[in-house]
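final_26.cif (mmCIF, C-alpha atoms)
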data_coords
loop_
_atom_site.label_atom_id
_atom_site.label_comp_id
_atom_site.auth_asym_id
_atom_site.auth_seq_id
_atom_site.Cartn_x
_atom_site.Cartn_y
_atom_site.Cartn_z
CA MET A 26 0.00 0.00 0.00
CA ARG A 27 1.42 3.32 -1.06
CA ASN A 28 -0.14 5.42 1.68
CA ALA A 29 1.25 4.33 5.04
CA ASP A 30 -0.29 7.37 6.79
CA ALA A 31 -3.78 6.32 5.69
CA ALA A 32 -3.09 2.74 6.81
CA ARG A 33 -1.96 3.92 10.25
CA ARG A 34 -5.26 5.81 10.73
CA VAL A 35 -7.38 2.66 10.13
CA ARG A 36 -9.31 1.57 13.22
CA LEU A 37 -12.02 -0.42 11.41
CA LEU A 38 -11.75 -2.84 8.49
CA VAL A 39 -15.13 -3.33 6.84
CA LEU A 40 -15.62 -6.13 4.35
CA ASP A 41 -18.31 -6.72 1.78
CA VAL A 42 -19.20 -10.42 1.84
CA ASP A 43 -20.23 -11.79 -1.56
CA GLY A 44 -17.32 -11.40 -3.96
CA VAL A 45 -14.87 -10.34 -1.23
CA LEU A 46 -15.07 -12.96 1.52
CA THR A 47 -16.58 -15.45 -0.93
CA ASP A 48 -15.86 -16.34 -4.53
CA ASN A 49 -19.21 -14.79 -5.52
CA ALA A 50 -20.84 -18.18 -5.98
CA LEU A 51 -24.05 -19.30 -4.29
CA TYR A 52 -25.03 -22.91 -3.94
CA LEU A 53 -28.80 -23.21 -3.52
CA GLY A 54 -30.81 -26.36 -3.06
CA MET A 55 -33.61 -28.07 -1.19
CA VAL A 56 -33.27 -30.42 1.78
CA ASP A 57 -36.50 -31.86 3.20
CA ASP A 58 -38.55 -29.08 1.58
CA ARG A 59 -36.27 -26.43 3.09
CA ARG A 60 -34.20 -23.99 1.09
CA VAL A 61 -30.50 -24.48 1.80
CA GLU A 62 -27.72 -22.06 0.87
CA PHE A 63 -23.99 -22.65 0.90
CA LYS A 64 -21.12 -20.21 0.37
CA ARG A 65 -17.42 -20.86 0.03
CA PHE A 66 -15.18 -18.93 2.45
CA ASP A 67 -11.37 -19.00 2.32
CA ILE A 68 -9.67 -20.33 5.46
CA GLN A 69 -6.61 -18.09 5.01
CA ASP A 70 -8.91 -15.06 4.94
CA GLY A 71 -10.26 -16.24 8.28
CA LEU A 72 -6.78 -16.43 9.76
CA GLY A 73 -6.12 -12.90 8.52
CA LEU A 74 -9.09 -11.73 10.55
CA VAL A 75 -7.78 -13.63 13.57
CA LEU A 76 -4.46 -11.76 13.19
CA LEU A 77 -6.32 -8.46 13.49
CA ARG A 78 -7.32 -9.41 17.03
CA TYR A 79 -3.70 -8.62 17.97
CA THR A 80 -4.15 -5.02 16.79
CA ASP A 81 -6.39 -2.03 17.46
CA ILE A 82 -8.26 -2.65 14.18
CA ALA A 83 -11.85 -3.83 14.60
CA VAL A 84 -13.59 -5.86 11.88
CA ALA A 85 -17.11 -5.56 10.47
CA TRP A 86 -18.91 -7.25 7.60
CA LEU A 87 -21.39 -5.32 5.50
CA SER A 88 -23.62 -7.19 3.07
CA ALA A 89 -26.68 -6.22 1.09
CA ARG A 90 -27.79 -9.85 1.07
CA PRO A 91 -28.92 -11.57 4.28
CA SER A 92 -27.67 -15.14 4.54
CA GLU A 93 -27.49 -17.75 7.27
CA ALA A 94 -24.17 -18.91 5.82
CA THR A 95 -22.75 -15.41 6.33
CA THR A 96 -24.04 -15.28 9.91
CA LEU A 97 -22.55 -18.71 10.65
CA ARG A 98 -19.09 -17.79 9.34
CA ALA A 99 -19.11 -14.39 11.10
CA THR A 100 -19.98 -16.15 14.36
CA GLU A 101 -17.16 -18.67 13.88
CA LEU A 102 -14.69 -15.81 13.37
CA GLN A 103 -16.10 -13.77 16.26
CA VAL A 104 -17.02 -10.86 13.99
CA ALA A 105 -19.34 -8.89 16.27
CA ASP A 106 -20.54 -6.47 13.57
CA CYS A 107 -22.11 -8.50 10.79
CA VAL A 108 -24.54 -6.14 9.10
CA GLN A 109 -26.82 -7.72 6.50
CA ASP A 110 -29.12 -5.07 5.10
CA PRO A 111 -31.50 -6.27 2.35
CA THR A 112 -32.18 -2.66 1.33
CA GLY A 113 -28.62 -2.43 0.04
CA ARG A 114 -28.11 0.99 1.62
CA LYS A 115 -24.51 0.43 2.59
CA ARG A 116 -23.70 4.09 3.14
CA GLN A 117 -26.35 4.40 5.85
CA ALA A 118 -25.25 1.13 7.41
CA MET A 119 -21.67 2.46 7.43
CA GLU A 120 -22.77 5.66 9.12
CA ASP A 121 -24.39 3.53 11.82
CA LEU A 122 -21.15 1.55 12.25
CA LEU A 123 -19.14 4.76 12.46
CA ALA A 124 -21.44 6.10 15.18
CA LYS A 125 -21.27 2.83 17.10
CA HIS A 126 -17.46 2.75 17.00
CA ARG A 127 -17.13 6.55 17.36
CA LEU A 128 -15.01 6.78 14.23
CA ASP A 129 -14.62 9.06 11.26
CA TRP A 130 -14.73 7.90 7.63
CA THR A 131 -10.96 8.46 7.38
CA GLU A 132 -10.40 5.74 10.02
CA VAL A 133 -12.01 3.04 7.90
CA ALA A 134 -10.66 0.66 5.28
CA PHE A 135 -13.40 -0.90 3.16
CA VAL A 136 -12.99 -3.81 0.75
CA GLY A 137 -15.54 -4.07 -2.05
CA ASP A 138 -16.11 -5.57 -5.46
CA ASP A 139 -19.26 -4.20 -7.10
CA LEU A 140 -21.49 -1.18 -7.68
CA ALA A 141 -23.32 -1.41 -4.34
CA ASP A 142 -19.98 -0.76 -2.62
CA LEU A 143 -19.24 2.54 -4.39
CA PRO A 144 -21.09 4.85 -1.95
CA VAL A 145 -18.87 3.55 0.85
CA LEU A 146 -15.63 3.23 -1.13
CA ARG A 147 -15.87 6.88 -2.19
CA ARG A 148 -15.96 8.06 1.46
CA VAL A 149 -13.56 5.85 3.42
CA GLY A 150 -9.93 6.66 4.14
CA VAL A 151 -8.66 3.44 2.57
CA PRO A 152 -10.81 2.14 -0.31
CA ILE A 153 -9.75 -1.32 -1.46
CA ALA A 154 -10.93 -3.46 -4.39
CA VAL A 155 -10.40 -7.17 -4.87
CA ALA A 156 -8.90 -8.43 -8.12
CA ASN A 157 -12.30 -9.55 -9.43
CA ALA A 158 -13.96 -6.17 -8.75
CA THR A 159 -15.73 -4.22 -11.44
CA GLU A 160 -13.77 -1.53 -13.26
CA GLU A 161 -15.82 1.19 -11.50
CA VAL A 162 -14.75 -0.13 -8.11
CA LYS A 163 -11.10 -0.52 -9.11
CA ALA A 164 -11.12 3.09 -10.37
CA VAL A 165 -11.83 4.48 -6.86
CA ALA A 166 -9.57 2.05 -4.97
CA MET A 167 -6.35 3.08 -3.27
CA TYR A 168 -5.27 -0.57 -3.48
CA VAL A 169 -6.37 -3.48 -5.70
CA THR A 170 -5.52 -6.95 -4.43
CA ALA A 171 -3.65 -9.49 -6.52
CA ALA A 172 -5.93 -12.21 -5.11
CA ARG A 173 -9.56 -12.65 -6.08
CA GLY A 174 -12.38 -12.45 -3.56
CA GLY A 175 -12.84 -15.75 -1.74
CA HIS A 176 -9.30 -16.75 -2.68
CA GLY A 177 -7.10 -14.98 -0.13
CA ALA A 178 -7.88 -11.35 -0.94
CA VAL A 179 -8.82 -10.51 2.65
CA ARG A 180 -5.66 -12.14 4.00
CA GLU A 181 -3.69 -10.05 1.50
CA VAL A 182 -5.45 -6.89 2.67
CA VAL A 183 -4.68 -7.66 6.32
CA ARG A 184 -1.02 -8.27 5.56
CA VAL A 185 -0.69 -5.14 3.39
CA LEU A 186 -2.37 -2.97 6.05
CA LEU A 187 -0.22 -4.37 8.84
CA GLU A 188 2.98 -4.06 6.81
CA ALA A 189 2.15 -0.44 5.95
CA ARG A 190 1.67 0.21 9.68
CA GLY A 191 4.93 -1.60 10.52
CA GLU A 192 3.05 -4.17 12.63
CA TYR A 193 2.99 -7.38 10.60
CA ARG A 194 6.12 -9.09 12.00
CA ASP A 195 5.09 -8.39 15.60
CA VAL A 196 1.50 -9.56 15.04
CA ARG A 197 2.72 -12.74 13.33
CA ALA A 198 5.17 -13.43 16.17
CA ARG A 199 2.48 -12.92 18.82
CA TYR A 200 0.08 -15.22 16.97
CA LEU A 201 2.73 -17.94 16.63
CA ALA A 202 3.76 -17.56 20.28
CA ASP A 203 0.14 -18.10 21.30
CA LYS A 204 0.17 -21.30 19.24
CA GLY A 205 3.33 -22.49 21.02
CA ASP A 206 5.75 -21.68 18.20
CA ALA A 207 7.74 -18.60 19.18
CA GLU A 208 9.98 -17.21 16.46
#
Re-express the file's structure as structure tokens.
Amino acid sequence: MRNADAARRVRLLVLDVDGVLTDNALYLGMVDDRRVEFKRFDIQDGLGLVLLRYTDIAVAWLSARPSEATTLRATELQVADCVQDPTGRKRQAMEDLLAKHRLDWTEVAFVGDDLADLPVLRRVGVPIAVANATEEVKAVAMYVTAARGGHGAVREVVRVLLEARGEYRDVRARYLADKGDAE
């Protein structure tokens, strides 16, 4: 990331879900006359979010599509702010998150991939697009990941943010020490 000052201001990383945390695919089916939905989440992305627990950066998910699969994965990763707003009004949902966390737009990094993310990407301090984002989203991004959504893009974002802040090596060492493997 070119702008280390912007990265150091980040206190909240907000992630779109479909196309960022997932590969944009939905698996729908019926089981015993019940609708069932599956999504594919990347395990390395999950570990990236775990690494953020060693920092002062909070995490939130912001989706315009309610999904039990999203709720389940957010719960597994202890993401307290998992906003799923079927109206698709992400800017208003972001304003609510900012008020809750007592933050300014400049203290937020947001990762998006499609048109619904533009109202947020245009306001945050660190707008980020995944490799599979639309051209409109990439055009407003400060950083575009090499990895596609659902394939390590979030892990890449975490590492890039922490490296820009000069924190990655310490965070990695603390994580490994907690797992019994001090460097």
Exercise. Considering all atoms listed in the file, return as a PyMOL selection string whatever protein or nucleic-acid residues lie within 9 Å of stretch 117-124 of chain A, sequence-local ones (same chain, fewer than 2 positions apart) excluded.
Key: chain A and resi 37+39+85+87+106+108+110+113-115+126-130+133+145
Quiz item: For the atom pair atom CA of A:Leu76 and atom CA of A:Tyr200, what is the interatomic distance in Å to one decimal place?
Solution: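 For atom CA of A:Leu76 relative to atom CA of A:Tyr200, the distance reads 6.8 Å.
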Quiz item: Interatomic distance between atom CA of A:Phe66 and atom CA of A:Ala105?
Solution: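 Value for the atom CA of A:Phe66-atom CA of A:Ala105 distance: 17.6 Å.
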What are the centre and edge lengths in Å, to one decimal, of the axis-aligned box around all listed atoms of stretch 38-50 of chain A with 8 Å added on each side, as AutoDock Vina command-line options?
--center_x -16.3 --center_y -10.5 --center_z 1.3 --size_x 25.1 --size_y 31.3 --size_z 30.5
Quiz prompt | Separation of atom CA of A:Gln109 from atom CA of A:Glu132 in Å | solution = 21.5 Å
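When the PyMOL selection byres ((chain A and resi 26-36) around 9) is run on the displayed coordinates, the residues it returns are Leu37, Leu38, Asp81, Ile82, Ala83, Val84, Leu128, Thr131, Glu132, Val133, Ala134, Gly150, Val151, Met167, Tyr168, Val185, Leu186, Leu187, Glu188, Ala189, Arg190 and Gly191 of chain A.
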Practice problem: Skip A:Asp41 itself and residues of its chain fewer than 4 positions away, then list as a PyMOL selection string all residues within 6 Å of it, counting all atoms listed in the file. | Solution: chain A and resi 45+86-88+137
Quiz item: In terms of the shortest atom-to-atom distance over all atoms listed in the file, which of A:Ala156, A:Leu143, A:Val162, A:Met55 is closest to A:His176?
Solution: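 Closest to A:His176 of all the choices is A:Ala156.
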Quiz item: What does the PyMOL selection byres ((chain A and resi 52) around 9) select in this file, as a list in words?
Solution: Ala50, Leu51, Leu53, Gly54, Val61, Glu62, Phe63, Lys64 and Arg65 of chain A
Please produce an output containing C-alpha atoms for each residue in the selection, written as a compact mmCIF listing (two decimals), in the coordinates of the input.
# COMPACT_ATOMS: atom_id res chain seq x y z
CA ALA A 50 -20.84 -18.18 -5.98
CA LEU A 51 -24.05 -19.30 -4.29
CA LEU A 53 -28.80 -23.21 -3.52
CA GLY A 54 -30.81 -26.36 -3.06
CA VAL A 61 -30.50 -24.48 1.80
CA GLU A 62 -27.72 -22.06 0.87
CA PHE A 63 -23.99 -22.65 0.90
CA LYS A 64 -21.12 -20.21 0.37
CA ARG A 65 -17.42 -20.86 0.03
Taking N, CA and C atoms as the atom set, what does stretch 43-57 of chain A look like once completed, written as a PDB file, keeping the file's coordinate frame?
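That gives us part.pdb:
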ATOM      1  N   ASP A  43     -20.196 -11.071  -0.288  1.00  0.00           N
ATOM      2  CA  ASP A  43     -20.230 -11.790  -1.560  1.00  0.00           C
ATOM      3  C   ASP A  43     -19.291 -11.145  -2.568  1.00  0.00           C
ATOM      4  N   GLY A  44     -18.304 -11.901  -3.009  1.00  0.00           N
ATOM      5  CA  GLY A  44     -17.320 -11.400  -3.960  1.00  0.00           C
ATOM      6  C   GLY A  44     -16.052 -10.910  -3.309  1.00  0.00           C
ATOM      7  N   VAL A  45     -16.061 -10.753  -1.979  1.00  0.00           N
ATOM      8  CA  VAL A  45     -14.870 -10.340  -1.230  1.00  0.00           C
ATOM      9  C   VAL A  45     -14.449 -11.469  -0.291  1.00  0.00           C
ATOM     10  N   LEU A  46     -15.330 -11.822   0.627  1.00  0.00           N
ATOM     11  CA  LEU A  46     -15.070 -12.960   1.520  1.00  0.00           C
ATOM     12  C   LEU A  46     -15.415 -14.289   0.851  1.00  0.00           C
ATOM     13  N   THR A  47     -16.227 -14.238  -0.179  1.00  0.00           N
ATOM     14  CA  THR A  47     -16.580 -15.450  -0.930  1.00  0.00           C
ATOM     15  C   THR A  47     -16.145 -15.285  -2.376  1.00  0.00           C
ATOM     16  N   ASP A  48     -16.232 -16.378  -3.115  1.00  0.00           N
ATOM     17  CA  ASP A  48     -15.860 -16.340  -4.530  1.00  0.00           C
ATOM     18  C   ASP A  48     -17.016 -15.893  -5.417  1.00  0.00           C
ATOM     19  N   ASN A  49     -18.043 -15.322  -4.818  1.00  0.00           N
ATOM     20  CA  ASN A  49     -19.210 -14.790  -5.520  1.00  0.00           C
ATOM     21  C   ASN A  49     -20.191 -15.862  -5.963  1.00  0.00           C
ATOM     22  N   ALA A  50     -19.937 -17.097  -5.588  1.00  0.00           N
ATOM     23  CA  ALA A  50     -20.840 -18.180  -5.980  1.00  0.00           C
ATOM     24  C   ALA A  50     -21.830 -18.472  -4.851  1.00  0.00           C
ATOM     25  N   LEU A  51     -23.036 -18.843  -5.234  1.00  0.00           N
ATOM     26  CA  LEU A  51     -24.050 -19.300  -4.290  1.00  0.00           C
ATOM     27  C   LEU A  51     -24.463 -20.701  -4.683  1.00  0.00           C
ATOM     28  N   TYR A  52     -24.556 -21.564  -3.705  1.00  0.00           N
ATOM     29  CA  TYR A  52     -25.030 -22.910  -3.940  1.00  0.00           C
ATOM     30  C   TYR A  52     -26.386 -23.011  -3.258  1.00  0.00           C
ATOM     31  N   LEU A  53     -27.439 -23.149  -4.049  1.00  0.00           N
ATOM     32  CA  LEU A  53     -28.800 -23.210  -3.520  1.00  0.00           C
ATOM     33  C   LEU A  53     -29.397 -24.581  -3.819  1.00  0.00           C
ATOM     34  N   GLY A  54     -30.164 -25.069  -2.861  1.00  0.00           N
ATOM     35  CA  GLY A  54     -30.810 -26.360  -3.060  1.00  0.00           C
ATOM     36  C   GLY A  54     -31.924 -26.551  -2.050  1.00  0.00           C
ATOM     37  N   MET A  55     -32.519 -27.723  -2.104  1.00  0.00           N
ATOM     38  CA  MET A  55     -33.610 -28.070  -1.190  1.00  0.00           C
ATOM     39  C   MET A  55     -33.214 -29.311  -0.403  1.00  0.00           C
ATOM     40  N   VAL A  56     -33.467 -29.279   0.902  1.00  0.00           N
ATOM     41  CA  VAL A  56     -33.270 -30.420   1.780  1.00  0.00           C
ATOM     42  C   VAL A  56     -34.537 -30.541   2.613  1.00  0.00           C
ATOM     43  N   ASP A  57     -35.250 -31.653   2.454  1.00  0.00           N
ATOM     44  CA  ASP A  57     -36.500 -31.860   3.200  1.00  0.00           C
ATOM     45  C   ASP A  57     -37.438 -30.664   3.076  1.00  0.00           C
TER      46      ASP A  57
END
